[in-house]
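**Q** Below you will find the structure I want to go over with you.
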Amino acid sequence: MIEKQESTTAKICSFVRAYHANFIKNKIFDDYFAFEIMGKSEYEEIKNSLVKKFLPCYKNWTLGEINQLFYPLINNYFAPILLSRIAFAEKE
């Protein structure tokens, strides 16, 4: 039997959509439902795994220091890919 494996890409996209809807003032789109579907625990799980992957020295940092580096990482590297695709799809 083939076991189903959750898509990491889909999880990251959902995370970015939820982050954008909840924390960005100048929204390209407002996916208010993304965080609700994910839930707080899955949102935090994805955030923590991205922090571990992209901020390897995070263990001695405060939450403020992590957020100060993590959210620009999301805004500059993850969000543009997803948001440009969404904007294109809505326009077309």
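Letters A, B, ... mark the chains of the structure tokens in the order given; residue numbers begin at 1 per chain; ligand numbers begin at 1, in order shown.
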Find the residues near Tyr19 (chain A): any atom within 12 Å, counting only C-alpha atoms, skip ones fewer than 6 places away on the same chain, and give them as a list in words.
**A**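 Surrounding residues, per the criterion: Ile12, Cys13, Lys25, Lys27, Phe29, Asp30, Asp31, Tyr32, Phe33, Ala34, Phe35, Glu36, Met38, Lys40, Tyr43, Glu44, Ile46, Lys47, Phe70, Tyr71, Pro72, Ile74, Asn75, Phe78, Ala79, Leu82 and Leu83 of chain A.
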**Q** DSSP on the backbone, alpha helix (DSSP H) only: what residues of chain A does that give? Format it as a VMD selection string.
**A** chain A and resid 8 to 23 33 to 54 63 to 73 79 to 91
**Q** Do you know which residues are at most 10 Å from Ile86 (chain A) counting only C-alpha atoms, after dropping those on the same chain fewer than 5 positions away, and could you put them as JSON, numbers by chain?
**A** {"A": [28, 29, 80, 81, 91, 92]}
**Q** Could those selected residues go to a file with C-alpha atoms, as an mmCIF file, in the first residue's frame?
**A**
data_model
loop_
_atom_site.group_PDB
_atom_site.id
_atom_site.type_symbol
_atom_site.label_atom_id
_atom_site.label_comp_id
_atom_site.auth_asym_id
_atom_site.auth_seq_id
_atom_site.Cartn_x
_atom_site.Cartn_y
_atom_site.Cartn_z
ATOM 1 C CA ILE A 28 -1.717 41.821 -2.608
ATOM 2 C CA PHE A 29 -4.567 39.514 -1.646
ATOM 3 C CA PRO A 80 7.261 36.997 -4.047
ATOM 4 C CA ILE A 81 6.979 33.629 -5.770
ATOM 5 C CA LYS A 91 -5.609 39.123 -13.413
ATOM 6 C CA GLU A 92 -5.914 36.494 -16.130
#
**Q** Select, from A:Ile24, A:Ala87, A:Val16, A:Leu69, the residue with the minimum atom-to-atom distance to Leu55 (chain A), counting only C-alpha atoms.
**A**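 Of A:Ile24, A:Ala87, A:Val16, A:Leu69, the one nearest Leu55 (chain A) is A:Leu69, counting only C-alpha atoms.
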**Q** Just the number, please: distance in Å from CA of Thr9 (chain A) to CA of Asn26 (chain A), one decimal.
**A**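 Value for the CA of Thr9 (chain A)-CA of Asn26 (chain A) distance: 24.4 Å.
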**Q** Using only C-alpha atoms, which residue out of A:Phe15, A:Phe54, A:Phe88, A:Phe23 lies closest to Ile66 (chain A)?
**A**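 That would be A:Phe54, the residue with the smallest distance to Ile66 (chain A).
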**Q** Just give me the gap between CA of Glu45 (chain A) and CA of Lys11 (chain A) in Å, one decimal is fine.
**A**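 So the answer is 10.1 Å.
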**Q** Given the choices A:Val51, A:Lys59, A:Ile37, A:Ala89, which gets closest to Leu73 (chain A) if the distance is worked out from only C-alpha atoms?
**A**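 Among the listed residues, A:Val51 lies closest to Leu73 (chain A).
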**Q** I need the residue nearest Asn67 (chain A) from this list: A:Glu3, A:Ala21, A:Thr8, A:Leu50. Use only C-alpha atoms for the distance.
**A**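 Of A:Glu3, A:Ala21, A:Thr8, A:Leu50, the one nearest Asn67 (chain A) is A:Leu50, counting only C-alpha atoms.
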